[in-house]
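Pasting query19.cif here (mmCIF, C-alpha atoms):
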data_structure
#
loop_
_atom_site.label_atom_id
_atom_site.label_comp_id
_atom_site.auth_asym_id
_atom_site.auth_seq_id
_atom_site.Cartn_x
_atom_site.Cartn_y
_atom_site.Cartn_z
CA MET A 228 0.00 0.00 0.00
CA GLU A 229 2.98 2.31 0.62
CA LYS A 230 4.07 1.70 -2.96
CA TYR A 231 0.59 2.68 -4.17
CA LYS A 232 0.68 5.84 -2.05
CA LYS A 233 4.01 6.71 -3.66
CA THR A 234 2.47 6.08 -7.11
CA LEU A 235 -0.39 8.43 -6.26
CA ARG A 236 2.01 11.14 -5.09
CA ILE A 237 3.91 10.87 -8.39
CA ARG A 238 0.63 11.15 -10.29
CA ILE A 239 -0.36 14.21 -8.24
CA ALA A 240 2.98 15.81 -9.16
CA LEU A 241 2.47 14.94 -12.85
CA PHE A 242 -1.04 16.35 -12.92
CA GLY A 243 0.22 19.47 -11.18
CA SER A 244 2.83 19.83 -13.93
CA VAL A 245 0.17 19.49 -16.64
CA ILE A 246 -1.89 22.25 -15.00
CA LEU A 247 1.17 24.48 -14.66
CA LEU A 248 2.22 23.83 -18.27
CA ASN A 249 -1.25 24.70 -19.46
CA ALA A 250 -1.18 27.95 -17.49
CA VAL A 251 2.24 28.88 -18.94
CA LEU A 252 1.19 28.05 -22.50
CA SER A 253 -2.05 30.01 -22.12
CA ILE A 254 -0.15 33.07 -20.90
CA CYS A 255 2.38 32.79 -23.77
CA GLN A 256 -0.41 32.45 -26.29
CA ARG A 257 -2.23 35.48 -24.86
CA ILE A 258 0.96 37.57 -25.02
CA MET A 259 1.66 36.49 -28.62
CA ASP A 260 -1.94 37.15 -29.58
CA ASP A 261 -1.86 40.62 -28.06
CA ARG A 262 1.33 41.42 -29.98
CA GLY A 263 -0.23 40.19 -33.21
CA LYS A 264 2.39 37.46 -33.65
CA ILE A 265 -0.08 34.67 -34.48
CA PRO A 266 -0.89 34.37 -38.21
CA ALA A 267 -4.58 34.22 -39.05
CA ASP A 268 -4.28 30.93 -40.97
CA VAL A 269 -3.23 28.98 -37.86
CA SER A 270 -5.75 30.57 -35.50
CA SER A 271 -8.02 27.51 -35.71
CA ILE A 272 -5.12 25.26 -34.68
CA ILE A 273 -4.29 27.61 -31.81
CA ASP A 274 -7.91 27.58 -30.67
CA PHE A 275 -8.06 23.78 -30.80
CA GLN A 276 -4.74 23.56 -28.96
CA SER A 277 -6.00 25.89 -26.24
CA GLY A 278 -9.21 23.94 -25.84
CA PHE A 279 -7.45 20.59 -25.81
CA LEU A 280 -4.89 21.69 -23.25
CA MET A 281 -7.60 23.31 -21.14
CA GLY A 282 -9.53 20.03 -21.21
CA LEU A 283 -6.42 18.14 -20.13
CA ALA A 284 -5.82 20.68 -17.37
CA ILE A 285 -9.39 20.41 -16.05
CA LEU A 286 -9.18 16.61 -16.13
CA SER A 287 -5.83 16.79 -14.36
CA LEU A 288 -7.35 19.04 -11.70
CA PHE A 289 -10.17 16.58 -11.04
CA MET A 290 -7.73 13.68 -10.81
CA LEU A 291 -5.39 15.65 -8.55
CA ILE A 292 -8.25 16.47 -6.14
CA LYS A 293 -9.45 12.84 -6.26
CA TYR A 294 -5.99 11.45 -5.48
CA ARG A 295 -5.40 13.93 -2.65
CA LYS A 296 -8.71 12.83 -1.10
CA LEU A 297 -7.69 9.18 -1.47
CA LEU A 298 -4.43 9.75 0.36
CA ARG A 299 -6.37 11.03 3.38
CA ASP A 300 -8.80 8.08 3.63
CA GLU A 301 -7.36 4.58 4.11
CA ARG A 302 -10.53 2.68 3.17
CA SER A 303 -11.05 4.66 -0.05
CA LEU A 304 -7.35 4.21 -0.81
CA ARG A 305 -7.69 0.46 -0.40
CA GLU A 306 -10.81 0.40 -2.60
CA SER A 307 -9.02 2.41 -5.27
CA TYR A 308 -6.02 0.06 -5.08
CA ASN A 309 -8.35 -2.94 -5.45
CA ARG A 310 -10.00 -1.34 -8.49
CA GLU A 311 -6.69 -0.58 -10.19
CA THR A 312 -5.08 -3.96 -9.52
CA ASP A 313 -8.21 -6.08 -9.99
CA GLU A 314 -7.15 -8.97 -12.27
CA ARG A 315 -10.36 -8.91 -14.31
CA MET A 316 -10.02 -5.15 -14.99
CA VAL A 317 -6.34 -5.60 -15.83
CA LEU A 318 -7.33 -8.30 -18.34
CA ILE A 319 -10.09 -6.12 -19.81
CA ARG A 320 -7.74 -3.15 -20.16
CA SER A 321 -5.12 -5.36 -21.75
CA LYS A 322 -7.60 -6.81 -24.26
CA ALA A 323 -8.88 -3.30 -25.07
CA GLY A 324 -5.33 -2.17 -25.81
CA MET A 325 -5.13 0.21 -22.89
CA PRO A 326 -3.12 2.24 -22.10
CA ALA A 327 -1.21 1.94 -25.39
CA LEU A 328 -4.22 2.97 -27.51
CA LEU A 329 -4.89 6.00 -25.31
CA ILE A 330 -1.25 7.09 -25.31
CA THR A 331 -0.86 6.71 -29.09
CA SER A 332 -4.13 8.59 -29.62
CA ILE A 333 -2.96 11.52 -27.49
CA VAL A 334 0.43 11.49 -29.25
CA MET A 335 -1.40 11.54 -32.61
CA ILE A 336 -3.51 14.50 -31.53
CA PHE A 337 -0.42 16.41 -30.39
CA ALA A 338 1.34 15.48 -33.64
CA GLY A 339 -1.71 16.72 -35.50
CA ILE A 340 -1.50 20.05 -33.67
CA PHE A 341 2.19 20.43 -34.53
CA GLY A 342 1.66 19.31 -38.13
CA GLY A 343 -1.36 21.58 -38.47
CA TYR A 344 0.89 24.62 -38.26
CA TYR A 345 2.34 23.50 -41.62
CA ASN A 346 -0.65 21.88 -43.27
CA ILE A 347 -4.25 21.85 -42.06
CA ILE A 348 -4.94 18.48 -43.75
CA ILE A 349 -2.35 16.84 -41.49
CA PHE A 350 -4.16 18.25 -38.47
CA TYR A 351 -7.59 16.95 -39.52
CA THR A 352 -6.21 13.54 -40.54
CA LEU A 353 -4.31 12.90 -37.33
CA LEU A 354 -7.13 14.26 -35.20
CA ALA A 355 -9.63 11.94 -36.89
CA ALA A 356 -7.26 8.98 -36.53
CA GLY A 357 -6.67 9.76 -32.84
CA LEU A 358 -10.38 10.07 -32.12
CA CYS A 359 -11.16 6.84 -33.98
CA GLN A 360 -8.55 5.02 -31.91
CA ILE A 361 -9.99 6.36 -28.68
CA LEU A 362 -13.48 5.31 -29.79
CA LEU A 363 -12.19 1.84 -30.72
CA GLY A 364 -10.55 1.44 -27.33
CA VAL A 365 -13.71 2.51 -25.50
CA CYS A 366 -15.87 0.10 -27.58
CA LEU A 367 -13.48 -2.77 -26.96
CA LYS A 368 -13.43 -2.01 -23.23
CA PHE A 369 -17.24 -2.05 -23.01
CA TYR A 370 -17.38 -5.26 -25.06
CA TYR A 371 -14.96 -7.10 -22.78
CA MET A 372 -16.55 -5.68 -19.63
CA HIS A 373 -19.79 -7.27 -20.77
CA LYS A 374 -18.18 -10.50 -21.95
CA LEU A 375 -16.01 -11.26 -18.92
CA MET B 101 -16.69 -22.61 -13.83
CA GLU B 102 -19.24 -23.21 -11.10
CA THR B 103 -18.46 -22.01 -7.59
CA LYS B 104 -20.01 -22.13 -4.14
CA ILE B 105 -19.10 -18.53 -3.42
CA ARG B 106 -22.67 -17.25 -3.43
CA GLU B 107 -23.85 -19.90 -0.97
CA LEU B 108 -20.83 -19.36 1.29
CA ARG B 109 -21.35 -15.61 1.17
CA LYS B 110 -25.05 -15.81 2.00
CA ALA B 111 -24.36 -18.25 4.86
CA ARG B 112 -22.08 -15.65 6.39
CA LYS B 113 -24.42 -12.73 5.53
CA LEU B 114 -21.69 -11.16 3.45
CA SER B 115 -22.27 -8.76 0.56
CA GLN B 116 -20.32 -9.03 -2.68
CA GLU B 117 -18.70 -5.71 -1.91
CA GLU B 118 -17.52 -6.84 1.53
CA LEU B 119 -16.07 -10.04 0.11
CA ALA B 120 -14.43 -8.11 -2.73
CA PHE B 121 -12.83 -5.65 -0.31
CA ALA B 122 -11.60 -8.48 1.90
CA VAL B 123 -9.90 -10.40 -0.92
CA GLY B 124 -8.58 -7.34 -2.77
CA THR B 125 -10.82 -7.30 -5.80
CA THR B 126 -13.95 -5.53 -7.06
CA ARG B 127 -17.64 -6.33 -6.67
CA GLN B 128 -17.94 -6.75 -10.46
CA THR B 129 -15.26 -9.44 -10.43
CA ILE B 130 -17.00 -11.32 -7.63
CA THR B 131 -20.27 -11.11 -9.62
CA SER B 132 -18.57 -12.41 -12.75
CA ILE B 133 -16.99 -15.30 -10.83
CA GLU B 134 -20.31 -16.22 -9.18
CA VAL B 135 -22.20 -16.36 -12.49
CA GLY B 136 -19.38 -18.31 -14.12
CA LYS B 137 -18.47 -15.64 -16.68
CA TYR B 138 -14.97 -15.15 -15.33
CA THR B 139 -12.53 -17.75 -13.99
CA ALA B 140 -10.48 -16.50 -11.08
CA SER B 141 -6.71 -16.78 -11.20
CA LEU B 142 -4.92 -19.13 -8.81
CA VAL B 143 -4.03 -16.26 -6.49
CA LEU B 144 -7.57 -14.89 -6.30
CA ALA B 145 -9.04 -18.37 -5.94
CA TYR B 146 -6.67 -19.02 -3.05
CA LYS B 147 -7.56 -15.70 -1.39
CA ILE B 148 -11.28 -16.43 -1.64
CA ALA B 149 -10.94 -20.00 -0.38
CA HIS B 150 -8.63 -18.87 2.42
CA TYR B 151 -11.10 -16.16 3.43
CA PHE B 152 -13.80 -18.80 3.90
CA GLY B 153 -11.38 -21.13 5.64
CA LEU B 154 -11.74 -23.77 2.92
CA THR B 155 -9.61 -25.30 0.19
CA ILE B 156 -9.81 -24.14 -3.44
CA GLU B 157 -11.45 -27.45 -4.42
CA GLU B 158 -14.17 -26.93 -1.81
CA VAL B 159 -15.06 -23.50 -3.22
CA PHE B 160 -14.52 -24.00 -6.96
CA ASP B 161 -16.07 -26.86 -8.92
CA PHE B 162 -13.50 -28.46 -11.23
CA SER B 163 -15.78 -31.21 -12.56
CA ASP B 164 -16.09 -29.44 -15.95
CA VAL B 165 -12.32 -29.28 -16.23
CA GLU B 166 -11.98 -32.97 -15.33
CA ALA B 167 -14.75 -33.93 -17.78
CA ALA B 168 -13.05 -31.99 -20.57
CA ASP B 169 -9.78 -33.81 -19.90
CA LYS B 170 -11.38 -37.28 -20.21
#
Rewritten as structure tokens:
Amino acid sequence: MEKYKKTLRIRIALFGSVILLNAVLSICQRIMDDRGKIPADVSSIIDFQSGFLMGLAILSLFMLIKYRKLLRDERSLRESYNRETDERMVLIRSKAGMPALLITSIVMIFAGIFGGYYNIIIFYTLLAAGLCQILLGVCLKFYYMHKL
Amino acid sequence: METKIRELRKARKLSQEELAFAVGTTRQTITSIEVGKYTASLVLAYKIAHYFGLTIEEVFDFSDVEAADK
């Protein structure tokens, strides 16, 4: 259980970093926007990037609060540990391709954002591919949750 | 695989959630094991049997496995 507590503390630190990074990027973007440094043809990419990072930051905030609460309550911590290490859930996640599918999807979306600054088609293609992967992973997870 | 977990649980007035918490798993896994959808691993089977103070063979019914081997 001490190992799990350590894992949660690392996750809290990671989520905190995501929130901080989002804040820094938002400030930089606002400064660049105010100075007129952002070309009009990439404004849609910038807007998507802002929204995506904001979504990640909000999710990170929820997870950070959840994990901090868990660290204060031993029973909830134990229940959370049981949920994460449950062999059936581990098998379901493995069959659904998690977390590899989720990680590659997020990498694709970020790659799409970077590529979108050069060519908008790259952005739409990678975004669609990333979203399809996420959808596939979710469908597979629900299928195996029902089957097992 | 058939099991006697439900009967053992009800005899001890234990909920699925309480059993799950005690053996380090989730209520959904206990449900799946009870209805025969999911076969517990050796470790989980041992934990469940040990919790009830029985052997694995007394909790889990291996007659299907033995019949398949014949």
Please return, as a compact mmCIF listing (two decimals) with C-alpha atoms, in the coordinates of the input, all residues of chain B lying within 9 Å of chain A when all atoms listed in the file are considered.
# COMPACT_ATOMS: atom_id res chain seq x y z
CA ALA B 120 -14.43 -8.11 -2.73
CA PHE B 121 -12.83 -5.65 -0.31
CA VAL B 123 -9.90 -10.40 -0.92
CA GLY B 124 -8.58 -7.34 -2.77
CA THR B 125 -10.82 -7.30 -5.80
CA THR B 126 -13.95 -5.53 -7.06
CA GLN B 128 -17.94 -6.75 -10.46
CA THR B 129 -15.26 -9.44 -10.43
CA SER B 132 -18.57 -12.41 -12.75
CA LYS B 137 -18.47 -15.64 -16.68
CA TYR B 138 -14.97 -15.15 -15.33
CA THR B 139 -12.53 -17.75 -13.99
CA ALA B 140 -10.48 -16.50 -11.08
CA SER B 141 -6.71 -16.78 -11.20
CA LEU B 144 -7.57 -14.89 -6.30
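In this model, the gap between atom CA of A:Tyr370 and atom CA of B:Ile133 comes to 17.4 Å.
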request  = Place a sphere of radius 10 Å on (-9.6, -1.6, -31.5) in the file coordinates and name every protein, DNA or RNA residue with an atom inside or on its surface, counting only C-alpha atoms; give the answer as a list in words.
outcome  =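 Residues with an atom close enough to that point: Lys322, Ala323, Gly324, Met325, Leu328, Cys359, Gln360, Ile361, Leu362, Leu363, Gly364, Val365, Cys366, Leu367 and Lys368 of chain A.
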message = To test your reading of the syntax: which residues would the PyMOL selection byres ((chain A and resi 286-301) around 9) return for the file shown? Reply as a list of chain:residue names.
response = A:Lys232, A:Leu235, A:Arg236, A:Arg238, A:Ile239, A:Ala240, A:Leu241, A:Phe242, A:Gly243, A:Val245, A:Ile246, A:Met281, A:Gly282, A:Leu283, A:Ala284, A:Ile285, A:Arg302, A:Ser303, A:Leu304, A:Arg305, A:Glu306, A:Ser307
request  = I need the residue set behind the PyMOL selection byres ((chain A and resi 253) around 12) for this file; please write it as a PyMOL selection string.
outcome  = chain A and resi 246-252+254-260+273-274+276-281+284
Could you write out as lines of an AutoDock Vina configuration file the box around stretch 263-279 of chain A (axis-aligned, all atoms listed in the file, 4 Å on each side), with centre and edge lengths in Å to one decimal?
center_x = -3.4
center_y = 30.4
center_z = -33.4
size_x = 19.6
size_y = 27.6
size_z = 23.2
task = Provide the atom CA of A:Tyr351 to atom CA of A:Phe337 distance in Å, to one decimal place.
result =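 One can read the atom CA of A:Tyr351 to atom CA of A:Phe337 distance as 11.6 Å.
Minimum atom-to-atom distance to B:Phe162, evaluated using only C-alpha atoms, belongs to B:Lys104 out of B:Arg127, B:His150, B:Arg109, B:Lys104.
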note = From atom CA of A:Ile340 to atom CA of A:Thr352 the spacing works out at 10.6 Å
Spatial neighbours of B:Val159, 12 Å, all atoms listed in the file, chain gap at least 4 places, as a PDB file with C-alpha atoms, keeping the file's coordinate frame:
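Everything below was put into result.pdb:
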ATOM      1  CA  MET B 101     -16.690 -22.610 -13.830  1.00  0.00           C
ATOM      2  CA  GLU B 102     -19.240 -23.210 -11.100  1.00  0.00           C
ATOM      3  CA  THR B 103     -18.460 -22.010  -7.590  1.00  0.00           C
ATOM      4  CA  LYS B 104     -20.010 -22.130  -4.140  1.00  0.00           C
ATOM      5  CA  ILE B 105     -19.100 -18.530  -3.420  1.00  0.00           C
ATOM      6  CA  ARG B 106     -22.670 -17.250  -3.430  1.00  0.00           C
ATOM      7  CA  GLU B 107     -23.850 -19.900  -0.970  1.00  0.00           C
ATOM      8  CA  LEU B 108     -20.830 -19.360   1.290  1.00  0.00           C
ATOM      9  CA  ARG B 109     -21.350 -15.610   1.170  1.00  0.00           C
ATOM     10  CA  ILE B 133     -16.990 -15.300 -10.830  1.00  0.00           C
ATOM     11  CA  GLU B 134     -20.310 -16.220  -9.180  1.00  0.00           C
ATOM     12  CA  ALA B 140     -10.480 -16.500 -11.080  1.00  0.00           C
ATOM     13  CA  LEU B 144      -7.570 -14.890  -6.300  1.00  0.00           C
ATOM     14  CA  ALA B 145      -9.040 -18.370  -5.940  1.00  0.00           C
ATOM     15  CA  TYR B 146      -6.670 -19.020  -3.050  1.00  0.00           C
ATOM     16  CA  LYS B 147      -7.560 -15.700  -1.390  1.00  0.00           C
ATOM     17  CA  ILE B 148     -11.280 -16.430  -1.640  1.00  0.00           C
ATOM     18  CA  ALA B 149     -10.940 -20.000  -0.380  1.00  0.00           C
ATOM     19  CA  HIS B 150      -8.630 -18.870   2.420  1.00  0.00           C
ATOM     20  CA  TYR B 151     -11.100 -16.160   3.430  1.00  0.00           C
ATOM     21  CA  PHE B 152     -13.800 -18.800   3.900  1.00  0.00           C
ATOM     22  CA  GLY B 153     -11.380 -21.130   5.640  1.00  0.00           C
ATOM     23  CA  LEU B 154     -11.740 -23.770   2.920  1.00  0.00           C
ATOM     24  CA  THR B 155      -9.610 -25.300   0.190  1.00  0.00           C
TER      25      THR B 155
END
Among the residues A:Ile333, A:Lys264, A:Met228, A:Phe369, the one that comes closest to A:Leu353 [using all atoms listed in the file] =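 Answer, going by the shortest atom-to-atom distance: A:Ile333.
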Could stretch 263-281 of chain A be completed with N, CA and C atoms and written as a PDB file, in the coordinates of the input, please?
ATOM      1  N   GLY A 263       0.072  40.439 -31.811  1.00  0.00           N
ATOM      2  CA  GLY A 263      -0.230  40.190 -33.210  1.00  0.00           C
ATOM      3  C   GLY A 263       0.752  39.240 -33.891  1.00  0.00           C
ATOM      4  N   LYS A 264       1.367  38.353 -33.108  1.00  0.00           N
ATOM      5  CA  LYS A 264       2.390  37.460 -33.650  1.00  0.00           C
ATOM      6  C   LYS A 264       1.798  36.169 -34.245  1.00  0.00           C
ATOM      7  N   ILE A 265       0.514  35.923 -33.991  1.00  0.00           N
ATOM      8  CA  ILE A 265      -0.080  34.670 -34.480  1.00  0.00           C
ATOM      9  C   ILE A 265      -0.747  34.916 -35.823  1.00  0.00           C
ATOM     10  N   PRO A 266      -0.270  34.195 -36.880  1.00  0.00           N
ATOM     11  CA  PRO A 266      -0.890  34.370 -38.210  1.00  0.00           C
ATOM     12  C   PRO A 266      -2.342  33.907 -38.200  1.00  0.00           C
ATOM     13  N   ALA A 267      -3.139  34.520 -39.032  1.00  0.00           N
ATOM     14  CA  ALA A 267      -4.580  34.220 -39.050  1.00  0.00           C
ATOM     15  C   ALA A 267      -4.865  32.797 -39.523  1.00  0.00           C
ATOM     16  N   ASP A 268      -3.997  32.264 -40.413  1.00  0.00           N
ATOM     17  CA  ASP A 268      -4.280  30.930 -40.970  1.00  0.00           C
ATOM     18  C   ASP A 268      -4.072  29.790 -39.971  1.00  0.00           C
ATOM     19  N   VAL A 269      -3.390  30.041 -38.873  1.00  0.00           N
ATOM     20  CA  VAL A 269      -3.230  28.980 -37.860  1.00  0.00           C
ATOM     21  C   VAL A 269      -4.072  29.257 -36.610  1.00  0.00           C
ATOM     22  N   SER A 270      -4.951  30.220 -36.705  1.00  0.00           N
ATOM     23  CA  SER A 270      -5.750  30.570 -35.500  1.00  0.00           C
ATOM     24  C   SER A 270      -6.656  29.424 -35.075  1.00  0.00           C
ATOM     25  N   SER A 271      -7.143  28.634 -36.070  1.00  0.00           N
ATOM     26  CA  SER A 271      -8.020  27.510 -35.710  1.00  0.00           C
ATOM     27  C   SER A 271      -7.237  26.434 -34.949  1.00  0.00           C
ATOM     28  N   ILE A 272      -5.980  26.244 -35.367  1.00  0.00           N
ATOM     29  CA  ILE A 272      -5.120  25.260 -34.680  1.00  0.00           C
ATOM     30  C   ILE A 272      -4.853  25.737 -33.249  1.00  0.00           C
ATOM     31  N   ILE A 273      -4.566  27.022 -33.122  1.00  0.00           N
ATOM     32  CA  ILE A 273      -4.290  27.610 -31.810  1.00  0.00           C
ATOM     33  C   ILE A 273      -5.504  27.447 -30.901  1.00  0.00           C
ATOM     34  N   ASP A 274      -6.675  27.703 -31.460  1.00  0.00           N
ATOM     35  CA  ASP A 274      -7.910  27.580 -30.670  1.00  0.00           C
ATOM     36  C   ASP A 274      -8.121  26.139 -30.226  1.00  0.00           C
ATOM     37  N   PHE A 275      -7.912  25.199 -31.156  1.00  0.00           N
ATOM     38  CA  PHE A 275      -8.060  23.780 -30.800  1.00  0.00           C
ATOM     39  C   PHE A 275      -7.048  23.410 -29.726  1.00  0.00           C
ATOM     40  N   GLN A 276      -5.812  23.862 -29.926  1.00  0.00           N
ATOM     41  CA  GLN A 276      -4.740  23.560 -28.960  1.00  0.00           C
ATOM     42  C   GLN A 276      -5.100  24.082 -27.581  1.00  0.00           C
ATOM     43  N   SER A 277      -5.620  25.299 -27.533  1.00  0.00           N
ATOM     44  CA  SER A 277      -6.000  25.890 -26.240  1.00  0.00           C
ATOM     45  C   SER A 277      -7.095  25.072 -25.578  1.00  0.00           C
ATOM     46  N   GLY A 278      -8.099  24.727 -26.379  1.00  0.00           N
ATOM     47  CA  GLY A 278      -9.210  23.940 -25.840  1.00  0.00           C
ATOM     48  C   GLY A 278      -8.775  22.575 -25.363  1.00  0.00           C
ATOM     49  N   PHE A 279      -7.924  21.932 -26.149  1.00  0.00           N
ATOM     50  CA  PHE A 279      -7.450  20.590 -25.810  1.00  0.00           C
ATOM     51  C   PHE A 279      -6.632  20.621 -24.518  1.00  0.00           C
ATOM     52  N   LEU A 280      -5.718  21.575 -24.453  1.00  0.00           N
ATOM     53  CA  LEU A 280      -4.890  21.690 -23.250  1.00  0.00           C
ATOM     54  C   LEU A 280      -5.713  22.077 -22.034  1.00  0.00           C
ATOM     55  N   MET A 281      -6.714  22.935 -22.241  1.00  0.00           N
ATOM     56  CA  MET A 281      -7.600  23.310 -21.140  1.00  0.00           C
ATOM     57  C   MET A 281      -8.366  22.095 -20.638  1.00  0.00           C
TER      58      MET A 281
END
